[in-house]
Amino acid sequence: MSRESILDILDRAEHYRSAWKLGRRTSRELEDVEVGNAFFEDSTRTRISFELAERRLGARVVSFTSDGSSISKGETLLDTLQTVAAMGVALIVVRHGSAGSPGYLARHLDAGVINAGDGEHEHPTQGLLDLLTLRDAWRGRFEGRRIAIVGDIAHSRVARSAIFGLRTLGAEVTIAGPATLMPREGELSAAVAPTVEEALQGADAVMALRLQRERMDEASVPSTREYARVWGLNAERVELMTAEGVVLHPGPMNRGVEITSEVADGSRSVVLDQVENGVAVRCAVLARCAEALGRC
Ligand code: NCD
């Protein structure tokens, strides 16, 4: 995505958010548009916020998973979604464990495809909601700001999308985590810090990541207690940031592992702002896609 497209989505999202704050109803831009949510991996926030965004825009919504659909009978992903598209569904939101699957589907389906997280690859709407949250915290300025991203970077689609967006808007990124959970050298455009303390020193924000146990082999981390001691965000560590430095976490949080409850619920935490911004960003993405398809 270009800087202009990112900023357009953030501005639209801000517009929805302020309308809701004033108690106004969302314009029903997706009235008469049918949207399918195809989630083939677990999800709470992303799935619910996509559904809410679709409903707020007036869309008709169908949601399904692999359980109970013909995928469990051996039908391919493409055949299943082609079937859904043939029924008239114009936009399909996909979460899938295979990196690249939404891109593949987008090339083969008549419907528009929105990536809600593909394996270890990308999670674009999460990246956009992180950017909106940081734009508020940083009063609109990304240049000269620095964020530390701490934890399981190697398996994190959240980190990949956030780093892409942050670098595009001009912020600096430092990553830190156990050597077994770091990306290959030079894979991401981020500086690497050897300790969480060095990553946090003078940072304007920190993002803690969950250990993606479902995507790693058992040997990657010796124990969660050891991980919490060496890499976890605690009250003392977050004070290494600037006075205004904020704490982000995409959720789901494992309290006591990558973040203490004191930090998760503390005054620097913007975790629930991220969740609120998620609905607004997804409205903006859905409306933009429907426009591109000539549906609104
Ligand atoms: C993340 C995901 O699924 O990639 N959660 C989310 O979408 N908010 C991060 C995670 O599962 O740790």
# chains A, B, ... in the order shown; residues from 1 in each chain; ligands from 1
call {"tool": "closest_atom_pairs", "arguments": {"of": "chain A", "to": "ligand 1", "cutoff": "7 Å", "atoms": "only C-alpha atoms and all ligand atoms", "output": "JSON lines"}}
result
{"residue": "A:Ser43", "atom": "CA", "partner": "ligand 1", "partner_atom_place_in_ligand_line": "3 (O)", "distance": 6.3}
{"residue": "A:Arg45", "atom": "CA", "partner": "ligand 1", "partner_atom_place_in_ligand_line": "8 (N)", "distance": 5.7}
{"residue": "A:Thr46", "atom": "CA", "partner": "ligand 1", "partner_atom_place_in_ligand_line": "7 (O)", "distance": 5.2}
{"residue": "A:Gly117", "atom": "CA", "partner": "ligand 1", "partner_atom_place_in_ligand_line": "4 (O)", "distance": 6.0}
{"residue": "A:His123", "atom": "CA", "partner": "ligand 1", "partner_atom_place_in_ligand_line": "4 (O)", "distance": 6.5}
{"residue": "A:Gln126", "atom": "CA", "partner": "ligand 1", "partner_atom_place_in_ligand_line": "7 (O)", "distance": 6.4}
{"residue": "A:Ser156", "atom": "CA", "partner": "ligand 1", "partner_atom_place_in_ligand_line": "4 (O)", "distance": 6.8}
{"residue": "A:Arg157", "atom": "CA", "partner": "ligand 1", "partner_atom_place_in_ligand_line": "4 (O)", "distance": 5.8}
{"residue": "A:Val158", "atom": "CA", "partner": "ligand 1", "partner_atom_place_in_ligand_line": "4 (O)", "distance": 5.6}
{"residue": "A:Leu209", "atom": "CA", "partner": "ligand 1", "partner_atom_place_in_ligand_line": "12 (O)", "distance": 6.2}
{"residue": "A:Arg210", "atom": "CA", "partner": "ligand 1", "partner_atom_place_in_ligand_line": "12 (O)", "distance": 4.6}
{"residue": "A:Leu211", "atom": "CA", "partner": "ligand 1", "partner_atom_place_in_ligand_line": "12 (O)", "distance": 6.9}
{"residue": "A:Gln212", "atom": "CA", "partner": "ligand 1", "partner_atom_place_in_ligand_line": "12 (O)", "distance": 6.1}
{"residue": "A:Pro250", "atom": "CA", "partner": "ligand 1", "partner_atom_place_in_ligand_line": "8 (N)", "distance": 4.4}
{"residue": "A:Gly251", "atom": "CA", "partner": "ligand 1", "partner_atom_place_in_ligand_line": "8 (N)", "distance": 4.9}
{"residue": "A:Pro252", "atom": "CA", "partner": "ligand 1", "partner_atom_place_in_ligand_line": "12 (O)", "distance": 5.7}
call {"tool": "residues_around", "arguments": {"residues": "Gly144 in chain A", "least_positions_apart": "6", "cutoff": "12 Å", "atoms": "only C-alpha atoms", "output": "list in words"}}
result
Trp138, Leu166, Arg167, Leu169, Gly170, Ala171, Glu172, Val173, Gly202, Ala203 and Asp204 of chain A
call {"tool": "write_last_selection", "arguments": {"atoms": "N, CA and C atoms", "output": "PDB file, in the first residue's frame"}}
result
ATOM      1  N   TRP A 138       0.706   9.926  18.981  1.00  0.00           N
ATOM      2  CA  TRP A 138       1.855  10.730  18.543  1.00  0.00           C
ATOM      3  C   TRP A 138       1.426  12.059  17.927  1.00  0.00           C
ATOM      4  N   LEU A 166       4.501   1.426   9.484  1.00  0.00           N
ATOM      5  CA  LEU A 166       5.269   2.422  10.246  1.00  0.00           C
ATOM      6  C   LEU A 166       6.409   2.992   9.424  1.00  0.00           C
ATOM      7  N   ARG A 167       7.115   2.126   8.703  1.00  0.00           N
ATOM      8  CA  ARG A 167       8.235   2.597   7.872  1.00  0.00           C
ATOM      9  C   ARG A 167       7.713   3.464   6.725  1.00  0.00           C
ATOM     10  N   LEU A 169       5.182   5.391   6.786  1.00  0.00           N
ATOM     11  CA  LEU A 169       4.806   6.712   7.302  1.00  0.00           C
ATOM     12  C   LEU A 169       5.980   7.438   7.971  1.00  0.00           C
ATOM     13  N   GLY A 170       7.158   6.811   8.013  1.00  0.00           N
ATOM     14  CA  GLY A 170       8.359   7.531   8.450  1.00  0.00           C
ATOM     15  C   GLY A 170       8.829   7.268   9.858  1.00  0.00           C
ATOM     16  N   ALA A 171       8.236   6.302  10.582  1.00  0.00           N
ATOM     17  CA  ALA A 171       8.706   6.008  11.944  1.00  0.00           C
ATOM     18  C   ALA A 171       9.845   4.992  11.914  1.00  0.00           C
ATOM     19  N   GLU A 172      10.601   4.950  13.006  1.00  0.00           N
ATOM     20  CA  GLU A 172      11.673   3.965  13.160  1.00  0.00           C
ATOM     21  C   GLU A 172      11.154   2.794  13.985  1.00  0.00           C
ATOM     22  N   VAL A 173      11.663   1.605  13.714  1.00  0.00           N
ATOM     23  CA  VAL A 173      11.230   0.420  14.456  1.00  0.00           C
ATOM     24  C   VAL A 173      12.453  -0.323  14.990  1.00  0.00           C
ATOM     25  N   GLY A 202      14.091   5.177  25.637  1.00  0.00           N
ATOM     26  CA  GLY A 202      13.781   6.354  24.819  1.00  0.00           C
ATOM     27  C   GLY A 202      12.752   6.117  23.737  1.00  0.00           C
ATOM     28  N   ALA A 203      12.088   4.946  23.720  1.00  0.00           N
ATOM     29  CA  ALA A 203      11.090   4.669  22.666  1.00  0.00           C
ATOM     30  C   ALA A 203       9.810   5.474  22.912  1.00  0.00           C
ATOM     31  N   ASP A 204       9.055   5.712  21.825  1.00  0.00           N
ATOM     32  CA  ASP A 204       7.794   6.462  21.921  1.00  0.00           C
ATOM     33  C   ASP A 204       6.600   5.519  22.011  1.00  0.00           C
TER      34      ASP A 204
END
call {"tool": "closest_residue", "arguments": {"among": "A:Ala86, A:Met1, A:Leu200, A:Ala243", "to": "Asp110 in chain A", "atoms": "only C-alpha atoms"}}
result
A:Ala86
call {"tool": "select_by_dssp", "arguments": {"residues": "range 11-49 of chain A", "states": "strand (DSSP E)", "output": "PyMOL selection string"}}
result
chain A and resi 34-39
call {"tool": "residues_around", "arguments": {"residues": "Ala190 in chain A", "least_positions_apart": "4", "cutoff": "10 Å", "atoms": "only C-alpha atoms", "output": "PyMOL selection string"}}
result
chain A and resi 147-149+163-164+167+172-176+185-186
call {"tool": "write_last_selection", "arguments": {"atoms": "N, CA, C and O atoms", "output": "compact mmCIF listing (two decimals), in the first residue's frame"}}
result
# COMPACT_ATOMS: atom_id res chain seq x y z
N ILE A 147 9.26 3.06 17.68
CA ILE A 147 8.51 2.04 18.42
C ILE A 147 9.38 0.80 18.59
O ILE A 147 10.14 0.43 17.68
N ALA A 148 9.27 0.17 19.76
CA ALA A 148 9.93 -1.12 20.00
C ALA A 148 8.87 -2.21 19.85
O ALA A 148 7.77 -2.08 20.39
N ILE A 149 9.19 -3.25 19.10
CA ILE A 149 8.28 -4.41 19.00
C ILE A 149 9.01 -5.58 19.63
O ILE A 149 10.13 -5.92 19.23
N ILE A 163 5.29 -3.09 10.82
CA ILE A 163 6.58 -2.54 10.39
C ILE A 163 6.46 -1.91 9.01
O ILE A 163 6.93 -0.80 8.77
N PHE A 164 5.75 -2.59 8.11
CA PHE A 164 5.57 -2.02 6.77
C PHE A 164 4.90 -0.64 6.86
O PHE A 164 5.37 0.34 6.27
N ARG A 167 7.11 2.13 8.70
CA ARG A 167 8.24 2.60 7.87
C ARG A 167 7.71 3.46 6.72
O ARG A 167 8.32 4.45 6.37
N GLU A 172 10.60 4.95 13.01
CA GLU A 172 11.67 3.96 13.16
C GLU A 172 11.15 2.79 13.99
O GLU A 172 10.31 2.99 14.87
N VAL A 173 11.66 1.60 13.71
CA VAL A 173 11.23 0.42 14.46
C VAL A 173 12.45 -0.32 14.99
O VAL A 173 13.43 -0.52 14.27
N THR A 174 12.38 -0.71 16.27
CA THR A 174 13.41 -1.59 16.85
C THR A 174 12.73 -2.87 17.27
O THR A 174 11.69 -2.83 17.93
N ILE A 175 13.30 -4.01 16.88
CA ILE A 175 12.72 -5.28 17.30
C ILE A 175 13.64 -5.95 18.32
O ILE A 175 14.86 -5.75 18.28
N ALA A 176 13.03 -6.71 19.23
CA ALA A 176 13.82 -7.44 20.23
C ALA A 176 13.06 -8.69 20.63
O ALA A 176 11.83 -8.68 20.72
N GLU A 185 18.18 -12.26 9.22
CA GLU A 185 18.83 -10.95 9.17
C GLU A 185 18.44 -10.20 7.90
O GLU A 185 18.46 -10.75 6.81
N GLY A 186 18.03 -8.95 8.06
CA GLY A 186 17.70 -8.12 6.92
C GLY A 186 16.33 -8.37 6.34
O GLY A 186 15.90 -7.70 5.39
call {"tool": "residues_around", "arguments": {"residues": "range 91-105 of chain A", "least_positions_apart": "4", "cutoff": "9 Å", "atoms": "only C-alpha atoms", "output": "ChimeraX atom specification"}}
result
/A:33-43,47,50,77-78,81-82,84-85,109,111-122,286,289-290
call {"tool": "write_last_selection", "arguments": {"atoms": "N, CA and C atoms", "output": "compact mmCIF listing (two decimals), in the first residue's frame"}}
result
# COMPACT_ATOMS: atom_id res chain seq x y z
N VAL A 33 -25.12 -4.84 -0.17
CA VAL A 33 -23.92 -5.59 -0.53
C VAL A 33 -23.84 -6.81 0.39
N GLU A 34 -23.55 -7.98 -0.20
CA GLU A 34 -23.42 -9.18 0.62
C GLU A 34 -21.94 -9.45 0.89
N VAL A 35 -21.63 -9.66 2.16
CA VAL A 35 -20.24 -9.86 2.56
C VAL A 35 -20.11 -11.20 3.28
N GLY A 36 -19.08 -11.97 2.93
CA GLY A 36 -18.84 -13.26 3.58
C GLY A 36 -17.59 -13.20 4.45
N ASN A 37 -17.69 -13.73 5.65
CA ASN A 37 -16.51 -13.82 6.53
C ASN A 37 -16.08 -15.28 6.59
N ALA A 38 -14.90 -15.56 6.04
CA ALA A 38 -14.42 -16.95 6.00
C ALA A 38 -13.20 -17.05 6.90
N PHE A 39 -13.41 -17.50 8.14
CA PHE A 39 -12.31 -17.57 9.12
C PHE A 39 -11.91 -19.02 9.34
N PHE A 40 -10.73 -19.37 8.82
CA PHE A 40 -10.25 -20.74 8.94
C PHE A 40 -9.19 -20.88 10.04
N GLU A 41 -9.03 -19.82 10.84
CA GLU A 41 -8.18 -19.87 12.04
C GLU A 41 -8.96 -19.15 13.13
N ASP A 42 -8.63 -19.47 14.40
CA ASP A 42 -9.35 -18.86 15.52
C ASP A 42 -9.22 -17.34 15.51
N SER A 43 -10.25 -16.68 15.99
CA SER A 43 -10.22 -15.22 16.06
C SER A 43 -11.35 -14.73 16.96
N ARG A 47 -12.57 -11.10 13.93
CA ARG A 47 -13.82 -11.60 13.36
C ARG A 47 -15.01 -10.73 13.82
N PHE A 50 -14.83 -7.17 12.24
CA PHE A 50 -15.24 -7.16 10.83
C PHE A 50 -16.77 -7.26 10.74
N LEU A 77 -10.16 -24.77 -0.92
CA LEU A 77 -10.51 -23.42 -0.46
C LEU A 77 -11.07 -22.60 -1.61
N LEU A 78 -10.40 -22.70 -2.77
CA LEU A 78 -10.85 -21.92 -3.92
C LEU A 78 -12.24 -22.35 -4.36
N LEU A 81 -14.88 -21.00 -1.87
CA LEU A 81 -15.13 -19.56 -1.94
C LEU A 81 -15.69 -19.15 -3.30
N GLN A 82 -15.34 -19.90 -4.36
CA GLN A 82 -15.95 -19.64 -5.67
C GLN A 82 -17.46 -19.88 -5.59
N VAL A 84 -19.30 -19.56 -2.89
CA VAL A 84 -19.88 -18.44 -2.13
C VAL A 84 -20.01 -17.21 -3.03
N ALA A 85 -18.97 -16.94 -3.82
CA ALA A 85 -19.00 -15.77 -4.71
C ALA A 85 -20.10 -15.93 -5.77
N LEU A 109 -10.88 -15.09 -7.83
CA LEU A 109 -12.31 -14.93 -7.54
C LEU A 109 -12.84 -13.64 -8.15
N ALA A 111 -15.18 -12.03 -6.61
CA ALA A 111 -15.44 -11.19 -5.43
C ALA A 111 -14.16 -10.47 -4.99
N GLY A 112 -14.33 -9.37 -4.26
CA GLY A 112 -13.18 -8.70 -3.63
C GLY A 112 -12.75 -9.52 -2.41
N VAL A 113 -11.45 -9.57 -2.16
CA VAL A 113 -10.94 -10.36 -1.03
C VAL A 113 -10.20 -9.44 -0.06
N ILE A 114 -10.53 -9.54 1.22
CA ILE A 114 -9.83 -8.75 2.25
C ILE A 114 -9.09 -9.73 3.16
N ASN A 115 -7.81 -9.46 3.36
CA ASN A 115 -6.97 -10.33 4.19
C ASN A 115 -7.17 -10.02 5.68
N ALA A 116 -7.65 -11.00 6.43
CA ALA A 116 -7.83 -10.82 7.88
C ALA A 116 -6.75 -11.59 8.64
N GLY A 117 -5.60 -11.83 7.97
CA GLY A 117 -4.50 -12.55 8.60
C GLY A 117 -4.20 -13.82 7.85
N ASP A 118 -3.00 -13.90 7.24
CA ASP A 118 -2.62 -15.14 6.52
C ASP A 118 -1.33 -15.70 7.08
N GLY A 119 -1.47 -16.74 7.88
CA GLY A 119 -0.31 -17.43 8.45
C GLY A 119 0.64 -16.46 9.13
N GLU A 120 1.93 -16.61 8.82
CA GLU A 120 2.93 -15.74 9.43
C GLU A 120 3.19 -14.51 8.56
N HIS A 121 2.36 -14.32 7.55
CA HIS A 121 2.69 -13.32 6.54
C HIS A 121 2.25 -11.91 6.89
N GLU A 122 0.95 -11.61 6.76
CA GLU A 122 0.49 -10.23 6.95
C GLU A 122 -0.84 -10.20 7.68
N LEU A 286 -13.55 -1.80 4.16
CA LEU A 286 -14.71 -2.39 3.45
C LEU A 286 -15.29 -1.38 2.46
N CYS A 289 -12.99 -0.97 -0.56
CA CYS A 289 -13.05 -2.14 -1.47
C CYS A 289 -14.36 -2.15 -2.25
N ALA A 290 -15.47 -1.83 -1.57
CA ALA A 290 -16.76 -1.82 -2.26
C ALA A 290 -16.76 -0.75 -3.35
call {"tool": "closest_residue", "arguments": {"among": "A:Leu7, A:Leu132, A:Leu181, A:Ile71", "to": "Val221 in chain A", "atoms": "only C-alpha atoms"}}
result
A:Leu181
call {"tool": "select_by_dssp", "arguments": {"residues": "range 122-239 of chain A", "states": "alpha helix (DSSP H)", "output": "JSON, numbers by chain"}}
result
{"A": [124, 125, 126, 127, 128, 129, 130, 131, 132, 133, 134, 135, 136, 137, 157, 158, 159, 160, 161, 162, 163, 164, 165, 166, 167, 168, 196, 197, 198, 199, 200, 224, 225, 226, 227, 228, 229, 230, 231, 235, 236, 237, 238]}
call {"tool": "write_last_selection", "arguments": {"atoms": "N, CA and C atoms", "output": "short mmCIF file (atom, residue, chain, number, x, y, z; two decimals), in the first residue's frame"}}
result
data_model
loop_
_atom_site.label_atom_id
_atom_site.label_comp_id
_atom_site.auth_asym_id
_atom_site.auth_seq_id
_atom_site.Cartn_x
_atom_site.Cartn_y
_atom_site.Cartn_z
N PRO A 124 -3.07 -6.98 7.46
CA PRO A 124 -3.11 -5.56 7.09
C PRO A 124 -4.05 -4.69 7.93
N THR A 125 -5.26 -5.19 8.25
CA THR A 125 -6.16 -4.30 9.01
C THR A 125 -5.67 -4.11 10.44
N GLN A 126 -4.93 -5.09 10.99
CA GLN A 126 -4.32 -4.90 12.31
C GLN A 126 -3.24 -3.82 12.20
N GLY A 127 -2.43 -3.88 11.13
CA GLY A 127 -1.40 -2.85 10.93
C GLY A 127 -2.01 -1.47 10.85
N LEU A 128 -3.14 -1.37 10.14
CA LEU A 128 -3.79 -0.06 9.98
C LEU A 128 -4.37 0.45 11.30
N LEU A 129 -4.94 -0.45 12.10
CA LEU A 129 -5.50 0.02 13.38
C LEU A 129 -4.37 0.40 14.34
N ASP A 130 -3.23 -0.28 14.22
CA ASP A 130 -2.07 0.13 15.03
C ASP A 130 -1.61 1.53 14.62
N LEU A 131 -1.62 1.79 13.32
CA LEU A 131 -1.20 3.12 12.84
C LEU A 131 -2.16 4.20 13.31
N LEU A 132 -3.46 3.91 13.28
CA LEU A 132 -4.43 4.92 13.73
C LEU A 132 -4.23 5.21 15.22
N THR A 133 -4.00 4.14 16.00
CA THR A 133 -3.79 4.30 17.44
C THR A 133 -2.53 5.13 17.71
N LEU A 134 -1.48 4.86 16.94
CA LEU A 134 -0.23 5.61 17.14
C LEU A 134 -0.35 7.03 16.61
N ARG A 135 -1.13 7.24 15.56
CA ARG A 135 -1.29 8.61 15.05
C ARG A 135 -1.94 9.48 16.13
N ASP A 136 -2.90 8.91 16.88
CA ASP A 136 -3.52 9.65 17.99
C ASP A 136 -2.48 9.91 19.09
N ALA A 137 -1.77 8.85 19.48
CA ALA A 137 -0.82 8.96 20.60
C ALA A 137 0.32 9.92 20.25
N ARG A 157 2.56 -12.10 12.01
CA ARG A 157 2.01 -11.31 10.89
C ARG A 157 1.69 -9.90 11.34
N VAL A 158 1.39 -9.73 12.65
CA VAL A 158 1.09 -8.40 13.18
C VAL A 158 2.33 -7.51 13.06
N ALA A 159 3.50 -8.06 13.44
CA ALA A 159 4.74 -7.28 13.36
C ALA A 159 5.04 -6.92 11.90
N ARG A 160 4.86 -7.88 10.99
CA ARG A 160 5.18 -7.62 9.58
C ARG A 160 4.35 -6.47 9.03
N SER A 161 3.04 -6.49 9.27
CA SER A 161 2.19 -5.43 8.74
C SER A 161 2.46 -4.10 9.44
N ALA A 162 2.68 -4.15 10.76
CA ALA A 162 2.95 -2.90 11.49
C ALA A 162 4.26 -2.27 10.99
N ILE A 163 5.29 -3.09 10.82
CA ILE A 163 6.58 -2.54 10.39
C ILE A 163 6.46 -1.91 9.01
N PHE A 164 5.75 -2.59 8.11
CA PHE A 164 5.57 -2.02 6.77
C PHE A 164 4.90 -0.64 6.86
N GLY A 165 3.80 -0.56 7.60
CA GLY A 165 3.06 0.70 7.70
C GLY A 165 3.85 1.79 8.39
N LEU A 166 4.50 1.43 9.48
CA LEU A 166 5.27 2.42 10.25
C LEU A 166 6.41 2.99 9.42
N ARG A 167 7.11 2.13 8.70
CA ARG A 167 8.24 2.60 7.87
C ARG A 167 7.71 3.46 6.72
N THR A 168 6.56 3.07 6.17
CA THR A 168 5.99 3.86 5.06
C THR A 168 5.64 5.27 5.54
N VAL A 196 15.46 -6.27 25.90
CA VAL A 196 14.21 -5.50 25.92
C VAL A 196 14.49 -4.10 26.48
N GLU A 197 15.40 -4.01 27.43
CA GLU A 197 15.72 -2.70 28.02
C GLU A 197 16.28 -1.75 26.96
N GLU A 198 17.21 -2.27 26.14
CA GLU A 198 17.79 -1.39 25.11
C GLU A 198 16.75 -0.99 24.06
N ALA A 199 15.83 -1.92 23.76
CA ALA A 199 14.78 -1.60 22.78
C ALA A 199 13.87 -0.50 23.33
N LEU A 200 13.58 -0.56 24.62
CA LEU A 200 12.62 0.38 25.22
C LEU A 200 13.21 1.74 25.55
N THR A 224 7.76 -20.44 29.83
CA THR A 224 7.10 -19.13 29.81
C THR A 224 7.61 -18.27 30.97
N ARG A 225 7.98 -18.91 32.09
CA ARG A 225 8.48 -18.13 33.22
C ARG A 225 9.79 -17.43 32.86
N GLU A 226 10.66 -18.18 32.19
CA GLU A 226 11.95 -17.63 31.73
C GLU A 226 11.69 -16.51 30.71
N TYR A 227 10.77 -16.75 29.81
CA TYR A 227 10.46 -15.74 28.79
C TYR A 227 9.98 -14.44 29.46
N ALA A 228 9.06 -14.57 30.43
CA ALA A 228 8.51 -13.39 31.12
C ALA A 228 9.62 -12.62 31.82
N ARG A 229 10.55 -13.36 32.42
CA ARG A 229 11.63 -12.72 33.18
C ARG A 229 12.55 -11.93 32.25
N VAL A 230 12.86 -12.50 31.09
CA VAL A 230 13.86 -11.87 30.22
C VAL A 230 13.22 -10.86 29.25
N TRP A 231 12.03 -11.18 28.72
CA TRP A 231 11.46 -10.37 27.64
C TRP A 231 10.12 -9.69 27.98
N ALA A 235 6.25 -3.05 34.78
CA ALA A 235 6.13 -1.62 35.10
C ALA A 235 7.48 -0.91 35.03
N GLU A 236 8.51 -1.60 35.52
CA GLU A 236 9.84 -0.98 35.53
C GLU A 236 10.35 -0.75 34.10
N ARG A 237 10.18 -1.76 33.25
CA ARG A 237 10.69 -1.65 31.88
C ARG A 237 9.97 -0.57 31.07
N VAL A 238 8.65 -0.46 31.20
CA VAL A 238 7.97 0.54 30.35
C VAL A 238 8.35 1.96 30.74
#
call {"tool": "atom_distance", "arguments": {"atom1": "CA of Ala59 in chain A", "atom2": "CA of Glu291 in chain A"}}
result
13.5 Å
call {"tool": "closest_residue", "arguments": {"among": "A:Val247, A:Val281, A:Leu293, A:Ala191", "to": "Ala208 in chain A", "atoms": "only C-alpha atoms"}}
result
A:Val247
call {"tool": "closest_residue", "arguments": {"among": "A:Ala280, A:Ala154, A:Val257, A:Leu10", "to": "Arg184 in chain A", "atoms": "only C-alpha atoms"}}
result
A:Ala154
call {"tool": "closest_residue", "arguments": {"among": "A:Met207, A:Ala13, A:Cys296, A:Val279", "to": "Ala264 in chain A", "atoms": "only C-alpha atoms"}}
result
A:Met207
call {"tool": "closest_residue", "arguments": {"among": "A:Ser18, A:Gly23, A:Leu52, A:Val263", "to": "Arg282 in chain A", "atoms": "only C-alpha atoms"}}
result
A:Leu52
